[in-house]
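Source file: upload.cif; contents: mmCIF, C-alpha atoms and all ligand atoms.
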data_target
loop_
_atom_site.label_atom_id
_atom_site.label_comp_id
_atom_site.auth_asym_id
_atom_site.auth_seq_id
_atom_site.Cartn_x
_atom_site.Cartn_y
_atom_site.Cartn_z
CA MET V 1 52.10 112.66 86.51
CA SER V 2 51.29 116.33 86.91
CA THR V 3 48.98 117.69 89.54
CA PRO V 4 45.70 118.83 88.09
CA PRO V 5 43.81 121.52 90.00
CA ALA V 6 43.01 119.75 93.18
CA SER V 7 40.07 118.33 94.96
CA MET V 8 38.39 120.35 97.69
CA ASP V 9 39.29 118.11 100.61
CA HIS V 10 42.35 120.14 101.68
CA THR V 11 40.86 123.60 101.51
CA HIS V 12 40.03 123.79 105.19
CA GLN V 13 43.69 123.28 106.17
CA ALA V 14 46.52 125.77 106.57
CA PRO V 15 47.69 127.39 103.31
CA THR V 16 51.12 125.68 103.47
CA SER V 17 49.54 122.23 103.20
CA THR V 18 47.22 123.09 100.30
CA LEU V 19 49.85 124.58 98.04
CA LEU V 20 52.96 123.04 96.51
CA ILE V 21 55.78 125.09 95.02
CA CYS V 22 58.16 123.56 92.50
CA GLU V 23 61.71 123.86 93.88
CA HIS V 24 63.13 124.26 90.39
CA CYS V 25 60.88 126.69 88.54
CA ASP V 26 58.74 128.18 91.34
CA THR V 27 55.41 127.22 89.77
CA VAL V 28 52.68 126.98 92.39
CA TYR V 29 50.23 124.09 92.41
CA ARG V 30 47.27 123.17 94.50
CA ARG V 31 48.00 119.91 96.30
CA ARG V 32 46.04 116.76 95.56
CA ARG V 33 45.94 113.65 97.74
CA LEU V 34 48.28 111.05 96.25
CA ARG V 35 47.53 107.36 95.99
CA ARG V 36 50.00 104.62 96.86
CA GLY V 37 53.05 104.65 94.58
CA GLU V 38 52.01 107.91 92.96
CA ALA V 39 54.22 110.98 92.51
CA ALA V 40 53.22 114.52 91.64
CA ARG V 41 55.38 116.14 88.95
CA CYS V 42 55.75 119.72 87.84
CA ALA V 43 53.93 120.23 84.53
CA ARG V 44 56.54 122.76 83.39
CA CYS V 45 59.87 121.16 84.31
CA GLN V 46 58.90 117.59 85.25
CA ALA V 47 60.62 117.82 88.65
CA VAL V 48 59.11 115.61 91.35
CA LEU V 49 57.01 117.80 93.65
CA GLU V 50 56.21 115.09 96.17
CA ARG V 51 55.72 111.34 96.44
CA HIS V 52 53.14 109.35 98.31
CA GLN V 53 54.61 108.61 101.77
CA PRO V 54 53.15 105.46 103.26
CA ILE V 55 55.39 105.59 106.34
CA SER V 56 54.07 107.12 109.57
CA LEU V 57 56.01 109.14 112.14
CA ASN V 58 56.02 106.11 114.45
CA ALA V 59 57.51 103.90 111.76
CA MET V 60 60.14 106.53 110.98
CA LEU V 61 61.10 106.80 114.64
CA ALA V 62 61.34 102.99 114.90
CA LEU V 63 63.64 103.01 111.86
CA VAL V 64 65.83 105.76 113.37
CA VAL V 65 66.16 103.80 116.64
CA THR V 66 67.09 100.63 114.70
CA VAL V 67 69.71 102.53 112.71
CA MET V 68 71.17 103.93 115.96
CA VAL V 69 71.49 100.47 117.53
CA VAL V 70 73.23 99.09 114.42
CA PHE V 71 75.36 102.25 114.22
CA VAL V 72 76.71 101.71 117.74
CA GLN V 73 77.52 98.08 116.92
CA ALA V 74 79.24 99.05 113.66
CA ASN V 75 81.47 101.48 115.53
CA VAL V 76 82.23 99.41 118.62
CA TRP V 77 82.80 96.01 117.06
CA PRO V 78 86.04 95.32 115.17
CA ILE V 79 85.74 95.52 111.39
CA ILE V 80 88.60 93.25 110.43
CA THR V 81 90.99 90.85 112.14
CA LEU V 82 94.57 90.80 110.91
CA GLY V 83 96.64 87.72 111.59
CA LEU V 84 100.37 88.41 111.46
CA ASN V 85 103.12 86.11 112.81
CA GLY V 86 100.66 84.26 114.94
CA GLU V 87 99.37 87.50 116.44
CA GLU V 88 95.81 88.68 115.94
CA ILE V 89 94.99 92.35 115.57
CA HIS V 90 91.35 93.49 115.77
CA ALA V 91 90.78 96.79 114.00
CA THR V 92 87.76 99.00 114.70
CA LEU V 93 86.67 101.88 112.46
CA TRP V 94 88.23 104.40 114.85
CA GLY V 95 91.42 102.35 115.09
CA ILE V 96 91.70 102.51 111.30
CA ILE V 97 90.91 106.25 111.15
CA ILE V 98 93.53 107.06 113.82
CA MET V 99 96.04 104.87 111.99
CA MET V 100 95.34 106.72 108.71
CA TRP V 101 95.83 110.05 110.50
CA HIS V 102 99.25 108.98 111.77
CA GLU V 103 100.23 107.55 108.40
CA HIS V 104 99.94 110.97 106.73
CA SER V 105 96.54 110.34 105.16
CA GLN V 106 94.86 113.08 107.16
CA VAL V 107 92.46 114.08 104.37
CA VAL V 108 91.16 110.52 104.00
CA ALA V 109 90.95 110.18 107.79
CA VAL V 110 88.83 113.33 108.08
CA LEU V 111 86.59 112.29 105.16
CA ALA V 112 86.09 108.82 106.63
CA ALA V 113 85.32 110.21 110.10
CA GLY V 114 82.85 112.71 108.61
CA THR V 115 80.94 110.46 106.21
CA LEU V 116 81.00 107.29 108.30
CA PHE V 117 80.58 108.75 111.75
CA PHE V 118 79.76 112.41 112.28
CA PHE V 119 77.28 113.11 109.46
CA PRO V 120 75.20 109.94 110.00
CA LEU V 121 75.29 110.52 113.76
CA VAL V 122 74.11 114.14 113.48
CA LYS V 123 71.42 113.09 110.99
CA MET V 124 70.05 110.34 113.24
CA LEU V 125 70.11 112.53 116.36
CA VAL V 126 68.36 115.42 114.59
CA LEU V 127 65.72 113.12 113.07
CA GLY V 128 65.18 111.38 116.40
CA TRP V 129 64.73 114.74 118.14
CA LEU V 130 62.23 115.96 115.51
CA LEU V 131 60.29 112.67 115.54
CA VAL V 132 60.01 112.34 119.33
CA TYR V 133 58.28 115.74 119.36
CA GLY V 134 56.43 115.01 116.13
CA ARG V 135 54.76 111.94 117.66
CA LEU V 136 53.36 114.22 120.35
CA GLY V 137 51.98 116.43 117.57
CA ARG V 138 54.44 119.24 118.22
CA ARG V 139 57.28 120.87 116.36
CA ALA V 140 60.54 120.36 118.27
CA PRO V 141 62.51 123.40 119.44
CA GLY V 142 64.64 124.56 116.50
CA PHE V 143 62.44 122.65 114.00
CA ARG V 144 62.94 125.10 111.14
CA ARG V 145 66.73 125.29 111.43
CA LEU V 146 67.13 121.54 111.95
CA MET V 147 65.06 120.77 108.84
CA VAL V 148 67.40 123.00 106.83
CA LEU V 149 70.40 121.24 108.40
CA LEU V 150 68.93 117.83 107.43
CA HIS V 151 68.54 119.07 103.87
CA TYR V 152 72.25 119.92 103.68
CA ILE V 153 73.71 116.81 105.34
CA GLY V 154 71.33 114.51 103.43
CA PRO V 155 73.74 113.02 100.90
CA TRP V 156 76.72 112.83 103.29
CA THR V 157 76.56 109.19 104.23
CA MET V 158 78.72 106.68 102.45
CA SER V 159 78.44 103.46 104.41
CA GLU V 160 77.81 101.41 101.28
CA VAL V 161 81.01 102.68 99.61
CA PHE V 162 82.88 101.90 102.81
CA VAL V 163 81.58 98.32 103.05
CA LEU V 164 82.64 97.67 99.44
CA GLY V 165 86.05 99.23 100.12
CA VAL V 166 86.62 97.04 103.19
CA LEU V 167 85.60 93.89 101.31
CA VAL V 168 87.91 94.71 98.38
CA SER V 169 90.83 95.38 100.79
CA ILE V 170 90.16 92.10 102.59
CA VAL V 171 90.36 90.18 99.31
CA LYS V 172 93.55 92.04 98.29
CA ALA V 173 95.29 91.87 101.67
CA HIS V 174 94.61 88.14 101.80
CA LEU V 175 97.67 87.72 99.59
CA TYR V 176 99.95 89.03 102.35
CA PHE V 177 98.27 88.42 105.68
CA ASP V 178 95.58 86.41 107.25
CA VAL V 179 92.63 88.83 107.06
CA ASN V 180 89.13 88.09 108.17
CA PRO V 181 85.99 90.22 108.19
CA ASP V 182 84.71 90.86 111.69
CA ALA V 183 81.28 91.56 113.15
CA GLY V 184 81.65 95.32 112.61
CA VAL V 185 81.72 95.04 108.84
CA PHE V 186 78.49 93.01 108.85
CA ALA V 187 76.93 95.68 111.06
CA TYR V 188 78.06 98.24 108.48
CA ALA V 189 76.49 96.18 105.70
CA VAL V 190 73.16 96.17 107.59
CA LEU V 191 73.59 99.89 108.18
CA ALA V 192 74.12 100.46 104.45
CA ILE V 193 70.83 98.64 103.71
CA LEU V 194 68.94 100.61 106.39
CA ILE V 195 70.35 103.89 105.08
CA THR V 196 69.21 102.94 101.57
CA VAL V 197 65.70 102.30 102.94
CA PHE V 198 65.92 105.70 104.61
CA ALA V 199 66.99 107.40 101.40
CA GLY V 200 63.57 106.46 99.96
CA ILE V 201 61.80 108.46 102.68
CA ASP V 202 61.28 112.13 101.96
CA VAL V 203 61.94 113.89 105.27
CA ARG V 204 60.34 117.04 103.85
CA GLN V 205 57.01 115.42 104.73
CA LEU V 206 57.68 116.43 108.35
CA TRP V 207 56.79 120.00 107.38
CA ASP V 208 53.24 118.80 106.70
CA LYS V 209 52.89 115.92 109.15
CA ILE V 210 53.86 118.13 112.09
CA PRO V 211 51.68 121.22 111.74
CA GLU V 212 53.01 124.51 113.04
CA SER V 213 49.84 125.67 114.71
CA SER V 214 49.39 122.55 116.85
CA PRO V 215 49.65 122.95 120.65
ZN ZN A 301 58.90 123.03 87.93
#

So, in terms of structure tokens, how does the structure I just supplied come out?
Ligand SMILES: [Zn+2]
Amino acid sequence: MSTPPASMDHTHQAPTSTLLICEHCDTVYRRRRLRRGEAARCARCQAVLERHQPISLNAMLALVVTVMVVFVQANVWPIITLGLNGEEIHATLWGIIIMMWHEHSQVVAVLAAGTLFFFPLVKMLVLGWLLVYGRLGRRAPGFRRLMVLLHYIGPWTMSEVFVLGVLVSIVKAHLYFDVNPDAGVFAYAVLAILITVFAGIDVRQLWDKIPESSP
């Protein structure tokens, strides 16, 4: 759906919230209020300009806090239990990453640490910081730079790939040892679902929902 020249109800606001610029072909549109489930598309290149965002800043913050709680559990709880010669070994994510590092799989270890730990952690902390201020109607210190950072680390979370990988390894390793999924992997599964929910939220809306000129 393209955006026809808009209604007048936004004209009293700041120029940034009345105009929309297509990221792909730089066409400028006047913004129109979207209804539930609606998306505005560029008439020239069909790129999505923006989608209706039913979620409020409060709901986003609640989601971030939930993700953080599950994230801590996913990293603290063991992911798998290995039974070998009557001995039980509980492996956490960090235990596995350190093991990979020592077993000459440094590249995989760094990738796993980045995509499963550091990038999601930075993303949640940055979003939390922006939202805590946003709820007070203010732009957080460093707002502009942090929004750019969020844009770049956006796709760097791979919890769902990880959960699948762990489950496949459990099935395979079952031939040789006694392997059982532990609480951590279930926490990761929940995390993967929450991150998918999050992927549907366009964080660019913070530019508009937290106005620059506010006190
Ligand atoms: Zn366009």

List as CSV every residue of range 38-77 of chain V that is in contact with range 84-95 of chain V, defined as an atom at most 12 Å from one of its atoms (using only C-alpha atoms), together with the nearest atom pair and the distance in Å rounded to one decimal, sorted by chain and then rising number.
residue,atom,partner,partner_atom,distance
V:Phe71,CA,V:Leu93,CA,11.5
V:Val72,CA,V:Leu93,CA,11.3
V:Gln73,CA,V:Thr92,CA,10.5
V:Ala74,CA,V:Leu93,CA,8.0
V:Asn75,CA,V:Leu93,CA,6.1
V:Val76,CA,V:Thr92,CA,6.8
V:Trp77,CA,V:Thr92,CA,6.3

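For the pair CA of Glu212 in chain V and CA of Leu63 in chain V, the separation is 24.0 Å.
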
* Asked: So, counting only C-alpha atoms, which residue among V:Ala39, V:Leu131, V:Ile21, V:Leu82 is closest to Val179 in chain V?
  -> V:Leu82

* Near range 42-56 of chain V, within 12 Å and counting only C-alpha atoms, which residues show up once chain neighbours fewer than 2 positions away are dropped, as a ChimeraX atom specification? -> /V:1-5,19-40,58-63,131,134-135,197-198,200-206,208-210

Can I get the selection written as a PDB file, in the coordinates of the input, with C-alpha atoms?
ATOM      1  CA  MET V   1      52.100 112.660  86.510  1.00  0.00           C
ATOM      2  CA  SER V   2      51.290 116.330  86.910  1.00  0.00           C
ATOM      3  CA  THR V   3      48.980 117.690  89.540  1.00  0.00           C
ATOM      4  CA  PRO V   4      45.700 118.830  88.090  1.00  0.00           C
ATOM      5  CA  PRO V   5      43.810 121.520  90.000  1.00  0.00           C
ATOM      6  CA  LEU V  19      49.850 124.580  98.040  1.00  0.00           C
ATOM      7  CA  LEU V  20      52.960 123.040  96.510  1.00  0.00           C
ATOM      8  CA  ILE V  21      55.780 125.090  95.020  1.00  0.00           C
ATOM      9  CA  CYS V  22      58.160 123.560  92.500  1.00  0.00           C
ATOM     10  CA  GLU V  23      61.710 123.860  93.880  1.00  0.00           C
ATOM     11  CA  HIS V  24      63.130 124.260  90.390  1.00  0.00           C
ATOM     12  CA  CYS V  25      60.880 126.690  88.540  1.00  0.00           C
ATOM     13  CA  ASP V  26      58.740 128.180  91.340  1.00  0.00           C
ATOM     14  CA  THR V  27      55.410 127.220  89.770  1.00  0.00           C
ATOM     15  CA  VAL V  28      52.680 126.980  92.390  1.00  0.00           C
ATOM     16  CA  TYR V  29      50.230 124.090  92.410  1.00  0.00           C
ATOM     17  CA  ARG V  30      47.270 123.170  94.500  1.00  0.00           C
ATOM     18  CA  ARG V  31      48.000 119.910  96.300  1.00  0.00           C
ATOM     19  CA  ARG V  32      46.040 116.760  95.560  1.00  0.00           C
ATOM     20  CA  ARG V  33      45.940 113.650  97.740  1.00  0.00           C
ATOM     21  CA  LEU V  34      48.280 111.050  96.250  1.00  0.00           C
ATOM     22  CA  ARG V  35      47.530 107.360  95.990  1.00  0.00           C
ATOM     23  CA  ARG V  36      50.000 104.620  96.860  1.00  0.00           C
ATOM     24  CA  GLY V  37      53.050 104.650  94.580  1.00  0.00           C
ATOM     25  CA  GLU V  38      52.010 107.910  92.960  1.00  0.00           C
ATOM     26  CA  ALA V  39      54.220 110.980  92.510  1.00  0.00           C
ATOM     27  CA  ALA V  40      53.220 114.520  91.640  1.00  0.00           C
ATOM     28  CA  ASN V  58      56.020 106.110 114.450  1.00  0.00           C
ATOM     29  CA  ALA V  59      57.510 103.900 111.760  1.00  0.00           C
ATOM     30  CA  MET V  60      60.140 106.530 110.980  1.00  0.00           C
ATOM     31  CA  LEU V  61      61.100 106.800 114.640  1.00  0.00           C
ATOM     32  CA  ALA V  62      61.340 102.990 114.900  1.00  0.00           C
ATOM     33  CA  LEU V  63      63.640 103.010 111.860  1.00  0.00           C
ATOM     34  CA  LEU V 131      60.290 112.670 115.540  1.00  0.00           C
ATOM     35  CA  GLY V 134      56.430 115.010 116.130  1.00  0.00           C
ATOM     36  CA  ARG V 135      54.760 111.940 117.660  1.00  0.00           C
ATOM     37  CA  VAL V 197      65.700 102.300 102.940  1.00  0.00           C
ATOM     38  CA  PHE V 198      65.920 105.700 104.610  1.00  0.00           C
ATOM     39  CA  GLY V 200      63.570 106.460  99.960  1.00  0.00           C
ATOM     40  CA  ILE V 201      61.800 108.460 102.680  1.00  0.00           C
ATOM     41  CA  ASP V 202      61.280 112.130 101.960  1.00  0.00           C
ATOM     42  CA  VAL V 203      61.940 113.890 105.270  1.00  0.00           C
ATOM     43  CA  ARG V 204      60.340 117.040 103.850  1.00  0.00           C
ATOM     44  CA  GLN V 205      57.010 115.420 104.730  1.00  0.00           C
ATOM     45  CA  LEU V 206      57.680 116.430 108.350  1.00  0.00           C
ATOM     46  CA  ASP V 208      53.240 118.800 106.700  1.00  0.00           C
ATOM     47  CA  LYS V 209      52.890 115.920 109.150  1.00  0.00           C
ATOM     48  CA  ILE V 210      53.860 118.130 112.090  1.00  0.00           C
TER      49      ILE V 210
END

* For the atom pair CA of Ala113 in chain V and CA of Phe162 in chain V, what is the interatomic distance in Å to one decimal place? -> 11.3 Å

* To do: Compare V:Leu125, V:Arg41, V:Thr18, V:Leu130 by their minimum atom-to-atom distance to ligand ZN 301 (chain A), counting all atoms listed in the file, and give me the closest one.
  =>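 Once distances to ligand ZN 301 (chain A) are computed over all atoms listed in the file, the minimum belongs to V:Arg41.
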
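One distance worth recording is that between CA of Arg144 in chain V and CA of Val110 in chain V, which is 28.6 Å.
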
Extending 3 Å beyond the listed atoms of range 56-74 of chain V on each side, what axis-aligned box results? I want centre and edge lengths in Å to one decimal, as AutoDock Vina command-line options.
--center_x 66.7 --center_y 103.6 --center_z 113.7 --size_x 31.2 --size_y 17.1 --size_z 14.2

* Asked: Hey, which of V:Ile79, V:Val67, V:Phe119, V:His102 ends up closest to Val166 in chain V? Count only C-alpha atoms.
  -> V:Ile79

* Extract, using all atoms listed in the file, all DNA, RNA and protein residues at most 10 Å from Val126 in chain V, discarding same-chain residues fewer than 6 positions from it, and format them as an MDAnalysis selection string. => chainID V and resid 120 140 143 146:147 149:150

Include C-alpha atoms and write out the residues we just selected as a compact mmCIF listing (two decimals), in the frame of the given file.
# COMPACT_ATOMS: atom_id res chain seq x y z
CA PRO V 120 75.20 109.94 110.00
CA ALA V 140 60.54 120.36 118.27
CA PHE V 143 62.44 122.65 114.00
CA LEU V 146 67.13 121.54 111.95
CA MET V 147 65.06 120.77 108.84
CA LEU V 149 70.40 121.24 108.40
CA LEU V 150 68.93 117.83 107.43

* Asked: Out of V:Met124, V:Gly165, V:Ile153, V:Ser105, which residue has the shortest atom-to-atom distance to Thr66 in chain V when counting only C-alpha atoms?
  ->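 Among the listed residues, the smallest separation from Thr66 in chain V belongs to V:Met124.
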
* To do: For Pro181 in chain V, please output as JSON, numbers by chain all residues within 8 Å (counting only C-alpha atoms; exclusion window: fewer than 6 positions along the same chain).
  => {"V": [79, 80, 81, 167, 170]}
